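Pasted below: protein.json, JSON, C-alpha atoms (C1' of nucleotides).
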[["chain", "number", "residue", "atom", "x", "y", "z"],
["A", 1, "MET", "CA", 81.20, 110.29, 67.32],
["A", 2, "LYS", "CA", 77.73, 109.59, 68.61],
["A", 3, "SER", "CA", 75.82, 112.20, 70.57],
["A", 4, "GLY", "CA", 72.80, 112.52, 72.79],
["A", 5, "SER", "CA", 71.29, 114.42, 75.67],
["A", 6, "ILE", "CA", 69.77, 113.89, 79.08],
["A", 7, "SER", "CA", 67.19, 116.23, 80.55],
["A", 8, "VAL", "CA", 68.45, 117.53, 83.88],
["A", 9, "PRO", "CA", 65.02, 118.46, 85.30],
["A", 10, "ASP", "CA", 64.11, 114.77, 84.92],
["A", 11, "LEU", "CA", 66.81, 113.82, 87.44],
["A", 12, "ALA", "CA", 65.46, 113.63, 90.99],
["A", 13, "GLY", "CA", 67.16, 116.39, 92.97],
["A", 14, "GLY", "CA", 68.72, 117.95, 89.87],
["A", 15, "PHE", "CA", 72.30, 117.86, 88.75],
["A", 16, "ASP", "CA", 75.29, 120.19, 88.57],
["A", 17, "LEU", "CA", 78.10, 118.94, 86.36],
["A", 18, "GLN", "CA", 80.69, 121.51, 87.37],
["A", 19, "SER", "CA", 80.39, 121.08, 91.12],
["A", 20, "THR", "CA", 80.27, 117.31, 90.68],
["A", 21, "LEU", "CA", 83.42, 117.08, 88.57],
["A", 22, "GLU", "CA", 85.41, 119.99, 90.01],
["A", 23, "SER", "CA", 85.06, 119.11, 93.65],
["A", 24, "ALA", "CA", 88.11, 116.90, 94.12],
["A", 25, "GLN", "CA", 86.14, 113.65, 94.37],
["A", 26, "THR", "CA", 87.49, 112.45, 91.04],
["A", 27, "PHE", "CA", 90.70, 113.17, 89.20],
["A", 28, "LEU", "CA", 89.73, 111.20, 86.11],
["A", 29, "TRP", "CA", 87.79, 113.84, 84.17],
["A", 30, "GLN", "CA", 89.38, 116.75, 82.36],
["A", 31, "ARG", "CA", 87.90, 120.01, 81.26],
["A", 32, "ALA", "CA", 88.35, 120.32, 77.53],
["A", 33, "ASP", "CA", 89.30, 124.00, 77.35],
["A", 34, "ASP", "CA", 92.47, 124.09, 79.42],
["A", 35, "GLY", "CA", 92.93, 120.51, 80.49],
["A", 36, "ILE", "CA", 93.43, 121.10, 84.16],
["A", 37, "TYR", "CA", 90.96, 123.04, 86.19],
["A", 38, "GLU", "CA", 91.77, 125.32, 89.05],
["A", 39, "SER", "CA", 89.09, 125.16, 91.65],
["A", 40, "THR", "CA", 85.39, 124.94, 92.23],
["A", 41, "ASN", "CA", 83.32, 127.85, 90.94],
["A", 42, "ALA", "CA", 86.27, 129.32, 89.08],
["A", 43, "TYR", "CA", 84.53, 129.27, 85.71],
["A", 44, "GLY", "CA", 81.16, 129.62, 84.13],
["A", 45, "GLY", "CA", 79.02, 126.57, 83.82],
["A", 46, "ASP", "CA", 78.90, 125.17, 80.29],
["A", 47, "ALA", "CA", 82.41, 123.84, 79.58],
["A", 48, "TRP", "CA", 82.95, 120.43, 78.03],
["A", 49, "TYR", "CA", 84.52, 117.73, 80.20],
["A", 50, "TYR", "CA", 85.86, 114.44, 78.95],
["A", 51, "THR", "CA", 87.18, 111.16, 80.20],
["A", 52, "VAL", "CA", 88.81, 108.17, 78.55],
["A", 53, "ALA", "CA", 86.99, 104.98, 79.54],
["A", 54, "GLY", "CA", 88.73, 101.90, 78.23],
["A", 55, "ASP", "CA", 89.19, 102.57, 74.52],
["A", 56, "ASP", "CA", 86.40, 105.11, 74.40],
["A", 57, "VAL", "CA", 86.26, 108.87, 74.86],
["A", 58, "VAL", "CA", 83.22, 110.54, 76.38],
["A", 59, "TYR", "CA", 82.56, 114.27, 76.32],
["A", 60, "VAL", "CA", 79.81, 115.87, 78.37],
["A", 61, "ARG", "CA", 78.60, 119.36, 79.16],
["A", 62, "GLN", "CA", 75.62, 120.91, 80.90],
["A", 63, "ARG", "CA", 73.82, 123.73, 79.16],
["A", 64, "ASN", "CA", 70.31, 125.15, 79.42],
["A", 65, "GLY", "CA", 69.03, 122.38, 81.60],
["A", 66, "VAL", "CA", 70.39, 119.66, 79.33],
["A", 67, "LEU", "CA", 73.28, 117.27, 79.78],
["A", 68, "GLU", "CA", 74.76, 116.94, 76.29],
["A", 69, "TRP", "CA", 77.22, 114.21, 75.41],
["A", 70, "GLN", "CA", 79.44, 113.25, 72.48],
["A", 71, "ALA", "CA", 81.30, 109.97, 72.55],
["A", 72, "THR", "CA", 82.68, 107.07, 70.59],
["A", 73, "ILE", "CA", 79.93, 104.94, 72.13],
["A", 74, "ASP", "CA", 76.34, 105.40, 73.24],
["A", 75, "ALA", "CA", 77.34, 107.07, 76.51],
["A", 76, "GLU", "CA", 74.03, 107.43, 78.30],
["A", 77, "GLN", "CA", 74.41, 104.33, 80.44],
["A", 78, "LEU", "CA", 78.03, 105.19, 81.24],
["A", 79, "LEU", "CA", 77.03, 108.68, 82.35],
["A", 80, "TYR", "CA", 74.23, 107.39, 84.55],
["A", 81, "ARG", "CA", 76.73, 105.13, 86.24],
["A", 82, "ARG", "CA", 79.74, 107.45, 86.47],
["A", 83, "LEU", "CA", 77.72, 110.46, 87.62],
["A", 84, "ARG", "CA", 75.20, 108.52, 89.73],
["A", 85, "LEU", "CA", 72.30, 110.11, 87.89],
["A", 86, "ASP", "CA", 69.89, 107.59, 89.38],
["A", 87, "ASP", "CA", 70.53, 108.86, 92.90],
["A", 88, "ASP", "CA", 67.40, 110.58, 94.20],
["A", 89, "LEU", "CA", 69.03, 113.50, 96.00],
["A", 90, "ASP", "CA", 65.80, 114.70, 97.59],
["A", 91, "ALA", "CA", 65.10, 111.26, 99.01],
["A", 92, "ILE", "CA", 68.69, 110.90, 100.21],
["A", 93, "PHE", "CA", 68.63, 114.23, 102.02],
["A", 94, "ASP", "CA", 65.23, 113.42, 103.50],
["A", 95, "ALA", "CA", 66.81, 110.27, 104.92],
["A", 96, "LEU", "CA", 69.80, 112.14, 106.36],
["A", 97, "ALA", "CA", 69.55, 113.57, 109.85],
["A", 98, "ASP", "CA", 68.11, 117.07, 110.19],
["A", 99, "ASP", "CA", 70.98, 119.49, 110.52],
["A", 100, "SER", "CA", 71.00, 123.21, 109.81],
["A", 101, "MET", "CA", 74.49, 123.35, 108.34],
["A", 102, "LEU", "CA", 73.74, 120.41, 106.07],
["A", 103, "GLU", "CA", 70.47, 122.01, 104.96],
["A", 104, "GLN", "CA", 72.35, 125.16, 104.04],
["A", 105, "ALA", "CA", 74.99, 123.22, 102.10],
["A", 106, "TYR", "CA", 72.26, 121.33, 100.24],
["A", 107, "GLN", "CA", 70.71, 124.62, 99.12],
["A", 108, "GLU", "CA", 74.09, 126.07, 98.21],
["A", 109, "TYR", "CA", 75.38, 123.17, 96.12],
["A", 110, "SER", "CA", 72.17, 121.61, 94.89],
["A", 111, "GLY", "CA", 72.85, 119.08, 92.17],
["A", 112, "LEU", "CA", 76.27, 118.02, 93.44],
["A", 113, "ARG", "CA", 76.43, 114.26, 93.15],
["A", 114, "ILE", "CA", 78.92, 111.70, 94.34],
["A", 115, "VAL", "CA", 80.82, 110.24, 91.39],
["A", 116, "HIS", "CA", 81.56, 106.66, 90.45],
["A", 117, "ASP", "CA", 85.09, 105.96, 89.24],
["A", 118, "PRO", "CA", 86.52, 102.69, 87.86],
["A", 119, "PHE", "CA", 88.32, 100.76, 90.59],
["A", 120, "PHE", "CA", 91.97, 100.77, 89.55],
["A", 121, "PRO", "CA", 92.20, 104.40, 88.40],
["A", 122, "CYS", "CA", 90.39, 105.41, 91.57],
["A", 123, "VAL", "CA", 92.91, 103.59, 93.77],
["A", 124, "ILE", "CA", 95.91, 105.03, 91.94],
["A", 125, "SER", "CA", 94.61, 108.59, 91.78],
["A", 126, "PHE", "CA", 93.90, 108.61, 95.51],
["A", 127, "ILE", "CA", 97.28, 107.13, 96.37],
["A", 128, "CYS", "CA", 98.63, 110.15, 94.50],
["A", 129, "SER", "CA", 96.40, 112.44, 96.56],
["A", 130, "ALA", "CA", 98.38, 111.96, 99.79],
["A", 131, "ARG", "CA", 99.81, 115.35, 100.73],
["A", 132, "MET", "CA", 99.38, 116.70, 97.22],
["A", 133, "ARG", "CA", 97.34, 119.65, 95.96],
["A", 134, "VAL", "CA", 94.21, 118.97, 93.94],
["A", 135, "LYS", "CA", 95.49, 120.69, 90.81],
["A", 136, "ARG", "CA", 98.66, 118.64, 90.86],
["A", 137, "ILE", "CA", 96.86, 115.36, 91.52],
["A", 138, "HIS", "CA", 94.96, 116.06, 88.33],
["A", 139, "ALA", "CA", 98.09, 116.83, 86.35],
["A", 140, "ILE", "CA", 99.74, 113.64, 87.54],
["A", 141, "GLN", "CA", 96.85, 111.48, 86.27],
["A", 142, "ILE", "CA", 97.26, 113.04, 82.82],
["A", 143, "GLU", "CA", 100.99, 112.33, 82.92],
["A", 144, "LEU", "CA", 100.44, 108.74, 84.05],
["A", 145, "ALA", "CA", 98.13, 108.13, 81.11],
["A", 146, "ARG", "CA", 100.43, 109.85, 78.63],
["A", 147, "THR", "CA", 103.46, 107.93, 79.85],
["A", 148, "PHE", "CA", 102.09, 104.45, 80.55],
["A", 149, "GLY", "CA", 98.65, 104.27, 78.89],
["A", 150, "ASP", "CA", 97.65, 103.32, 75.35],
["A", 151, "PRO", "CA", 97.41, 106.07, 72.73],
["A", 152, "LEU", "CA", 93.99, 106.31, 71.11],
["A", 153, "ARG", "CA", 93.68, 108.10, 67.80],
["A", 154, "ILE", "CA", 90.18, 109.53, 67.52],
["A", 155, "GLU", "CA", 89.22, 112.15, 64.95],
["A", 156, "GLU", "CA", 92.65, 113.76, 64.55],
["A", 157, "THR", "CA", 93.25, 113.83, 68.28],
["A", 158, "THR", "CA", 95.39, 111.48, 70.34],
["A", 159, "TYR", "CA", 94.02, 110.49, 73.73],
["A", 160, "TYR", "CA", 95.62, 108.22, 76.28],
["A", 161, "SER", "CA", 93.79, 105.59, 78.27],
["A", 162, "PHE", "CA", 94.46, 105.31, 81.98],
["A", 163, "PRO", "CA", 97.13, 102.62, 82.39],
["A", 164, "ARG", "CA", 95.95, 99.12, 83.24],
["A", 165, "PRO", "CA", 97.35, 97.44, 86.38],
["A", 166, "GLU", "CA", 99.93, 95.45, 84.42],
["A", 167, "GLN", "CA", 101.15, 98.62, 82.71],
["A", 168, "LEU", "CA", 101.89, 100.36, 86.00],
["A", 169, "ALA", "CA", 103.19, 97.15, 87.55],
["A", 170, "ALA", "CA", 105.78, 97.07, 84.77],
["A", 171, "ALA", "CA", 106.85, 100.66, 85.41],
["A", 172, "SER", "CA", 110.10, 101.12, 87.29],
["A", 173, "GLU", "CA", 110.18, 103.15, 90.45],
["A", 174, "SER", "CA", 112.54, 105.66, 88.87],
["A", 175, "ASN", "CA", 110.24, 106.11, 85.88],
["A", 176, "LEU", "CA", 107.44, 106.89, 88.29],
["A", 177, "ARG", "CA", 109.60, 109.23, 90.33],
["A", 178, "ASN", "CA", 110.39, 111.12, 87.15],
["A", 179, "LEU", "CA", 106.73, 112.17, 87.05],
["A", 180, "GLY", "CA", 107.20, 113.88, 90.40],
["A", 181, "LEU", "CA", 105.44, 111.20, 92.41],
["A", 182, "GLY", "CA", 108.05, 111.23, 95.16],
["A", 183, "PHE", "CA", 107.47, 108.78, 98.00],
["A", 184, "ARG", "CA", 104.26, 107.58, 96.31],
["A", 185, "ALA", "CA", 106.19, 105.96, 93.45],
["A", 186, "PRO", "CA", 106.83, 102.58, 95.11],
["A", 187, "TYR", "CA", 103.27, 102.52, 96.49],
["A", 188, "ILE", "CA", 101.88, 102.85, 92.97],
["A", 189, "GLN", "CA", 104.12, 100.21, 91.45],
["A", 190, "GLU", "CA", 103.51, 97.68, 94.22],
["A", 191, "THR", "CA", 99.77, 98.32, 94.36],
["A", 192, "ALA", "CA", 99.52, 97.89, 90.58],
["A", 193, "GLU", "CA", 101.40, 94.62, 90.88],
["A", 194, "MET", "CA", 99.15, 93.28, 93.64],
["A", 195, "ILE", "CA", 96.09, 94.05, 91.55],
["A", 196, "ALA", "CA", 97.60, 92.78, 88.29],
["A", 197, "THR", "CA", 98.56, 89.44, 89.83],
["A", 198, "GLY", "CA", 95.25, 89.03, 91.62],
["A", 199, "GLU", "CA", 96.87, 89.13, 95.05],
["A", 200, "LEU", "CA", 94.11, 91.62, 95.73],
["A", 201, "PRO", "CA", 91.05, 89.97, 94.16],
["A", 202, "VAL", "CA", 89.11, 92.96, 92.94],
["A", 203, "ASP", "CA", 86.02, 91.06, 91.84],
["A", 204, "ASP", "CA", 85.71, 89.48, 95.28],
["A", 205, "ILE", "CA", 85.99, 92.88, 96.89],
["A", 206, "ARG", "CA", 83.11, 94.20, 94.84],
["A", 207, "GLU", "CA", 80.88, 91.64, 96.59],
["A", 208, "LYS", "CA", 81.98, 92.56, 100.10],
["A", 209, "SER", "CA", 80.16, 94.71, 102.62],
["A", 210, "TYR", "CA", 81.42, 98.22, 103.23],
["A", 211, "GLU", "CA", 83.26, 97.20, 106.39],
["A", 212, "ASP", "CA", 84.97, 94.21, 104.77],
["A", 213, "ALA", "CA", 85.89, 96.10, 101.61],
["A", 214, "HIS", "CA", 87.24, 99.02, 103.62],
["A", 215, "GLU", "CA", 89.50, 96.67, 105.52],
["A", 216, "ALA", "CA", 90.51, 94.56, 102.53],
["A", 217, "VAL", "CA", 91.84, 97.34, 100.29],
["A", 218, "GLN", "CA", 94.15, 98.53, 103.07],
["A", 219, "VAL", "CA", 96.51, 95.65, 102.29],
["A", 220, "LEU", "CA", 97.59, 97.80, 99.35],
["A", 221, "PRO", "CA", 100.70, 99.85, 100.11],
["A", 222, "GLY", "CA", 99.85, 103.53, 100.27],
["A", 223, "VAL", "CA", 96.21, 102.79, 101.13],
["A", 224, "GLY", "CA", 95.23, 103.58, 104.70],
["A", 225, "PRO", "CA", 91.82, 104.24, 106.23],
["A", 226, "LYS", "CA", 91.14, 107.51, 104.40],
["A", 227, "ILE", "CA", 91.99, 106.35, 100.89],
["A", 228, "ALA", "CA", 90.23, 103.05, 101.60],
["A", 229, "ASP", "CA", 87.11, 105.09, 102.28],
["A", 230, "CYS", "CA", 87.57, 107.02, 99.04],
["A", 231, "VAL", "CA", 87.78, 103.72, 97.16],
["A", 232, "ALA", "CA", 84.82, 102.25, 99.04],
["A", 233, "LEU", "CA", 82.78, 105.33, 98.20],
["A", 234, "PHE", "CA", 83.86, 106.42, 94.74],
["A", 235, "ALA", "CA", 84.68, 103.03, 93.19],
["A", 236, "LEU", "CA", 82.55, 100.55, 95.15],
["A", 237, "GLY", "CA", 79.54, 102.77, 95.76],
["A", 238, "HIS", "CA", 79.28, 102.37, 99.52],
["A", 239, "LEU", "CA", 77.39, 105.53, 100.44],
["A", 240, "ARG", "CA", 78.07, 104.95, 104.13],
["A", 241, "ALA", "CA", 81.81, 105.48, 103.63],
["A", 242, "VAL", "CA", 83.00, 108.77, 105.13],
["A", 243, "PRO", "CA", 86.50, 109.75, 104.01],
["A", 244, "ILE", "CA", 88.01, 111.87, 106.78],
["A", 245, "ASP", "CA", 90.72, 114.11, 105.39],
["A", 246, "THR", "CA", 92.35, 117.09, 107.06],
["A", 247, "TRP", "CA", 89.44, 119.37, 106.10],
["A", 248, "THR", "CA", 86.78, 116.99, 107.31],
["A", 249, "ARG", "CA", 88.76, 116.50, 110.52],
["A", 250, "GLN", "CA", 88.71, 120.26, 111.08],
["A", 251, "LEU", "CA", 85.05, 120.43, 110.18],
["A", 252, "ILE", "CA", 84.24, 117.79, 112.78],
["A", 253, "LYS", "CA", 86.33, 119.45, 115.48],
["A", 254, "LEU", "CA", 84.64, 122.79, 114.86],
["A", 255, "TYR", "CA", 81.01, 121.93, 114.24],
["A", 256, "TYR", "CA", 80.45, 118.30, 115.24],
["A", 257, "PRO", "CA", 82.78, 117.85, 118.25],
["A", 258, "MET", "CA", 80.64, 115.01, 119.58],
["A", 259, "CYS", "CA", 81.82, 112.97, 116.59],
["A", 260, "ASP", "CA", 85.50, 113.59, 117.37],
["A", 261, "GLN", "CA", 86.43, 110.26, 118.91],
["A", 262, "GLY", "CA", 90.18, 110.43, 118.39],
["A", 263, "SER", "CA", 90.91, 107.49, 116.13],
["A", 264, "TYR", "CA", 89.89, 107.48, 112.48],
["A", 265, "GLU", "CA", 87.53, 104.53, 112.77],
["A", 266, "ALA", "CA", 85.76, 105.72, 115.90],
["A", 267, "THR", "CA", 85.27, 109.20, 114.45],
["A", 268, "ALA", "CA", 83.96, 107.86, 111.15],
["A", 269, "ASP", "CA", 81.59, 105.53, 113.02],
["A", 270, "ALA", "CA", 80.30, 108.41, 115.10],
["A", 271, "PHE", "CA", 79.71, 110.49, 111.97],
["A", 272, "ARG", "CA", 77.87, 107.55, 110.41],
["A", 273, "SER", "CA", 75.65, 106.97, 113.39],
["A", 274, "MET", "CA", 74.82, 110.67, 113.43],
["A", 275, "PHE", "CA", 73.90, 111.04, 109.76],
["A", 276, "GLY", "CA", 72.82, 107.54, 108.74],
["A", 277, "LYS", "CA", 73.42, 105.23, 105.81],
["A", 278, "TYR", "CA", 73.93, 108.06, 103.32],
["A", 279, "ALA", "CA", 76.56, 109.73, 105.52],
["A", 280, "SER", "CA", 78.85, 110.16, 102.52],
["A", 281, "TYR", "CA", 76.46, 112.68, 101.00],
["A", 282, "ALA", "CA", 76.48, 114.66, 104.25],
["A", 283, "GLN", "CA", 80.27, 114.55, 104.34],
["A", 284, "THR", "CA", 80.59, 115.59, 100.69],
["A", 285, "TYR", "CA", 78.28, 118.58, 100.98],
["A", 286, "LEU", "CA", 79.76, 119.75, 104.28],
["A", 287, "TYR", "CA", 83.26, 119.32, 102.87],
["A", 288, "HIS", "CA", 82.50, 121.59, 99.93],
["A", 289, "ASN", "CA", 80.86, 124.04, 102.23],
["A", 290, "VAL", "CA", 84.00, 124.52, 104.32],
["A", 291, "ARG", "CA", 86.33, 124.53, 101.33],
["A", 292, "SER", "CA", 84.46, 127.32, 99.57],
["B", 1, "DA", "C1'", 113.14, 130.84, 102.55],
["B", 2, "DT", "C1'", 109.71, 128.32, 104.93],
["B", 3, "DC", "C1'", 105.39, 126.15, 104.87],
["B", 4, "DC", "C1'", 101.92, 123.20, 103.14],
["B", 5, "DA", "C1'", 99.19, 119.79, 100.28],
["B", 6, "DG", "C1'", 91.78, 115.20, 100.25],
["B", 7, "DG", "C1'", 97.84, 110.51, 104.25],
["B", 8, "DA", "C1'", 100.44, 106.40, 105.13],
["B", 9, "DT", "C1'", 104.01, 104.11, 107.44],
["B", 10, "DG", "C1'", 107.54, 102.81, 110.76],
["B", 11, "DT", "C1'", 108.85, 103.26, 115.43],
["B", 12, "DA", "C1'", 108.56, 104.34, 120.25],
["B", 13, "DT", "C1'", 105.60, 104.65, 124.27],
["C", 1, "DA", "C1'", 95.83, 101.75, 121.04],
["C", 2, "DT", "C1'", 98.00, 106.45, 120.67],
["C", 3, "DA", "C1'", 101.88, 109.97, 119.54],
["C", 4, "DC", "C1'", 105.51, 111.25, 116.63],
["C", 5, "DA", "C1'", 108.76, 112.06, 112.80],
["C", 6, "DT", "C1'", 109.43, 111.06, 108.14],
["C", 7, "DC", "C1'", 108.32, 110.40, 103.53],
["C", 8, "DA", "C1'", 109.47, 113.83, 97.69],
["C", 9, "DT", "C1'", 107.94, 117.44, 95.13],
["C", 10, "DG", "C1'", 106.22, 121.86, 93.43],
["C", 11, "DG", "C1'", 103.83, 126.03, 94.31],
["C", 12, "DA", "C1'", 102.78, 130.10, 97.18]]

The structure given in the file should be rewritten as structure tokens.
Amino acid sequence: MKSGSISVPDLAGGFDLQSTLESAQTFLWQRADDGIYESTNAYGGDAWYYTVAGDDVVYVRQRNGVLEWQATIDAEQLLYRRLRLDDDLDAIFDALADDSMLEQAYQEYSGLRIVHDPFFPCVISFICSARMRVKRIHAIQIELARTFGDPLRIEETTYYSFPRPEQLAAASESNLRNLGLGFRAPYIQETAEMIATGELPVDDIREKSYEDAHEAVQVLPGVGPKIADCVALFALGHLRAVPIDTWTRQLIKLYYPMCDQGSYEATADAFRSMFGKYASYAQTYLYHNVRS
DNA sequence: ATCCAGGATGTAT
DNA sequence: ATACATCATGGA
């Protein structure tokens, strides 16, 4: 295993690993101590987290102002990408509209960054998220990898890579239902097939604008406007994407009623025109504010 | 037991 | 375009 470190004070706007990884934006990292984590702020701050990326394993923890990593590869570039360490949070929040609740959330959760997940795992994990609790979404991803992914033997420990599209496309609906996926099982199998066959051309979608990408991924069964926004944001990096879930819907009704335009698209557009091109950061911070 | 979970879909207006 | 019931499963 290689190792290295990144100085957190050098990152513009700081960084907080726990709030970033334990805030239900990504279900693809695990905490090393107990595997599945409960909720934000449930534990002290210096636990190891790890993810399996392709055939590689990457561990990371934050301690004493340093982001330490251990991995089968030189992980610095991967961490910059997956944790968006190049985002200048101060500049982003300067560019967002002045808003007292947002200011408060920015103070409260300083260092929370939007994540970047690989496309296919992001799609699958968010299809799983429909009407499912965060803890269980997490557990399901682990089960998917253990059941359909490749085993990786690394230093006496067996890890499992997240299944590739063809691996989930080959899974039967009943095998998927056995993991407790319920009505999501056929969505996952069919979506995996559409991506494996190229019916959804992922590389083309990476080149599209936010609006076009948001529309395009909704051809996938189980992907509607909300999950399409999660994919646009967390896998394609469109910081103007505003996923409106039940919590965000409540938040808007309560504190930003002028943005409540009925339909999903109109409401998301109103939120965007209120907060600007980095609206996702406003949504993410406000979301964690109401959920805490 | 009854309700709910980072929604999506089919069907009826 | 908008409103509604329905979709499995596990945990509280």

* Asked: For chain C, which residues have at least one atom within 7 Å of chain A, if we go by only C-alpha atoms (C1' of nucleotides)? Write them as a ChimeraX atom specification, please.
  -> /C:7-9

Dump as CSV the rows for residues of chain A within 10 Å of chain B: closest atom pair and distance in Å with one decimal, all atoms listed in the file counted, ordered by chain and rising residue number.
residue,atom,partner,partner_atom,distance
A:Ala24,CA,B:DG6,C1',7.3
A:Gln25,CA,B:DG6,C1',8.3
A:Phe126,CA,B:DG6,C1',8.4
A:Ile127,CA,B:DG7,C1',8.6
A:Cys128,CA,B:DG7,C1',9.8
A:Ser129,CA,B:DG6,C1',6.5
A:Ala130,CA,B:DG7,C1',4.7
A:Arg131,CA,B:DA5,C1',4.5
A:Met132,CA,B:DA5,C1',4.4
A:Arg133,CA,B:DA5,C1',4.7
A:Val134,CA,B:DG6,C1',7.7
A:Arg136,CA,B:DA5,C1',9.5
A:Arg184,CA,B:DA8,C1',9.7
A:Tyr187,CA,B:DA8,C1',9.9
A:Pro221,CA,B:DA8,C1',8.3
A:Gly222,CA,B:DA8,C1',5.7
A:Val223,CA,B:DA8,C1',6.9
A:Gly224,CA,B:DA8,C1',5.9
A:Pro225,CA,B:DG7,C1',8.9
A:Lys226,CA,B:DG7,C1',7.3
A:Ile227,CA,B:DG7,C1',7.9
A:Cys230,CA,B:DG6,C1',9.3
A:Pro243,CA,B:DG6,C1',8.5
A:Ile244,CA,B:DG6,C1',8.2
A:Asp245,CA,B:DG6,C1',5.4
A:Thr246,CA,B:DG6,C1',7.1
A:Trp247,CA,B:DG6,C1',7.6
A:Thr248,CA,B:DG6,C1',8.8
A:Tyr287,CA,B:DG6,C1',9.8

* Asked: Which distance in Å separates atom CA of A:Ala47 and atom CA of A:Arg31, to one decimal?
  ->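 Answer for the atom CA of A:Ala47 to atom CA of A:Arg31 separation: 6.9 Å.
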
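From atom CA of A:Gln189 back to atom CA of A:Ser174, the distance works out to 10.4 Å.
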
* Take atom CA of A:Tyr255 and atom CA of A:Ile137 and report the distance between them in Å, one decimal. =>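 A separation of 28.5 Å between them.
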
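Using only C-alpha atoms (C1' of nucleotides), the protein and nucleic acid residues lying no more than 10 Å from stretch 148-161 of chain A, apart from those fewer than 3 places from it along its own chain, are Met1, Thr51, Val52, Ala53, Gly54, Asp55, Asp56, Val57, Thr72, Ile142, Glu143, Leu144, Ala145, Arg164, Gln167, Leu168, Ala170, Ala171, Asn175 and Leu176 of chain A.
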
* **Exercise: residues within 12 Å of coordinate (85.0, 116.2, 112.3), counting only C-alpha atoms (C1' of nucleotides), as JSON, numbers by chain** => {"A": [242, 243, 244, 245, 246, 247, 248, 249, 250, 251, 252, 253, 254, 255, 256, 257, 258, 259, 260, 261, 262, 263, 264, 265, 266, 267, 268, 269, 270, 271, 272, 274, 282, 283, 286, 287, 290]}

Restricted to N, CA, C and O atoms (P, O5', C5', C4', C3', O3' and C1' of nucleotides), what does stretch 1-12 of chain B look like when written out as a short mmCIF file (atom, residue, chain, number, x, y, z; two decimals), in the first residue's frame?
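What landed in selection_39.cif:
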data_model
loop_
_atom_site.label_atom_id
_atom_site.label_comp_id
_atom_site.auth_asym_id
_atom_site.auth_seq_id
_atom_site.Cartn_x
_atom_site.Cartn_y
_atom_site.Cartn_z
P DA B 1 -49.86 -7.37 12.47
"O5'" DA B 1 -50.09 -6.25 13.59
"C5'" DA B 1 -51.40 -5.96 14.03
"C4'" DA B 1 -51.59 -4.47 14.18
"C3'" DA B 1 -51.71 -3.73 12.84
"O3'" DA B 1 -52.62 -2.64 12.98
"C1'" DA B 1 -49.78 -2.95 14.01
P DT B 2 -53.42 -2.12 11.67
"O5'" DT B 2 -52.59 -0.80 11.32
"C5'" DT B 2 -52.59 0.29 12.23
"C4'" DT B 2 -51.45 1.22 11.93
"C3'" DT B 2 -51.40 1.73 10.47
"O3'" DT B 2 -51.42 3.14 10.50
"C1'" DT B 2 -49.26 1.00 11.20
P DC B 3 -51.52 4.02 9.17
"O5'" DC B 3 -50.08 4.72 9.12
"C5'" DC B 3 -49.50 5.20 10.33
"C4'" DC B 3 -48.03 5.50 10.10
"C3'" DC B 3 -47.72 6.12 8.73
"O3'" DC B 3 -46.97 7.30 8.90
"C1'" DC B 3 -46.31 4.24 9.14
P DC B 4 -46.80 8.32 7.67
"O5'" DC B 4 -45.27 8.16 7.30
"C5'" DC B 4 -44.30 8.19 8.33
"C4'" DC B 4 -42.99 7.61 7.83
"C3'" DC B 4 -42.62 8.09 6.41
"O3'" DC B 4 -41.28 8.55 6.41
"C1'" DC B 4 -42.46 5.74 6.57
P DA B 5 -40.80 9.63 5.35
"O5'" DA B 5 -39.40 9.04 4.85
"C5'" DA B 5 -38.41 8.72 5.80
"C4'" DA B 5 -37.49 7.66 5.22
"C3'" DA B 5 -36.89 8.00 3.84
"O3'" DA B 5 -35.55 7.54 3.80
"C1'" DA B 5 -38.09 5.96 3.72
P DG B 6 -34.36 8.65 4.06
"O5'" DG B 6 -33.98 9.51 2.78
"C5'" DG B 6 -34.02 9.02 1.49
"C4'" DG B 6 -34.42 10.16 0.58
"C3'" DG B 6 -34.50 9.76 -0.89
"O3'" DG B 6 -35.52 10.51 -1.51
"C1'" DG B 6 -32.98 11.49 -0.67
P DG B 7 -37.04 9.99 -1.50
"O5'" DG B 7 -37.17 9.42 -2.98
"C5'" DG B 7 -37.11 10.34 -4.08
"C4'" DG B 7 -37.08 9.52 -5.34
"C3'" DG B 7 -37.53 10.30 -6.57
"O3'" DG B 7 -36.85 9.77 -7.69
"C1'" DG B 7 -39.11 8.63 -6.05
P DA B 8 -37.19 10.26 -9.15
"O5'" DA B 8 -38.09 9.06 -9.70
"C5'" DA B 8 -37.55 7.74 -9.67
"C4'" DA B 8 -38.44 6.76 -10.41
"C3'" DA B 8 -38.98 7.27 -11.75
"O3'" DA B 8 -38.91 6.20 -12.69
"C1'" DA B 8 -40.78 6.72 -10.29
P DT B 9 -39.43 6.40 -14.18
"O5'" DT B 9 -40.87 5.71 -14.13
"C5'" DT B 9 -41.00 4.41 -13.57
"C4'" DT B 9 -42.45 3.98 -13.60
"C3'" DT B 9 -43.19 4.35 -14.89
"O3'" DT B 9 -43.86 3.21 -15.39
"C1'" DT B 9 -44.42 5.05 -12.99
P DG B 10 -44.45 3.15 -16.85
"O5'" DG B 10 -46.02 2.89 -16.64
"C5'" DG B 10 -46.43 1.86 -15.75
"C4'" DG B 10 -47.88 2.07 -15.35
"C3'" DG B 10 -48.83 2.37 -16.51
"O3'" DG B 10 -50.02 1.61 -16.35
"C1'" DG B 10 -48.97 4.09 -14.88
P DT B 11 -51.16 1.62 -17.45
"O5'" DT B 11 -52.27 2.60 -16.85
"C5'" DT B 11 -52.70 2.40 -15.50
"C4'" DT B 11 -53.62 3.53 -15.09
"C3'" DT B 11 -54.61 3.99 -16.17
"O3'" DT B 11 -55.92 3.97 -15.65
"C1'" DT B 11 -53.50 5.85 -15.22
P DA B 12 -57.19 4.22 -16.59
"O5'" DA B 12 -57.83 5.51 -15.92
"C5'" DA B 12 -57.88 5.61 -14.50
"C4'" DA B 12 -58.18 7.04 -14.11
"C3'" DA B 12 -59.24 7.70 -14.99
"O3'" DA B 12 -60.23 8.31 -14.18
"C1'" DA B 12 -57.28 9.03 -14.93
#
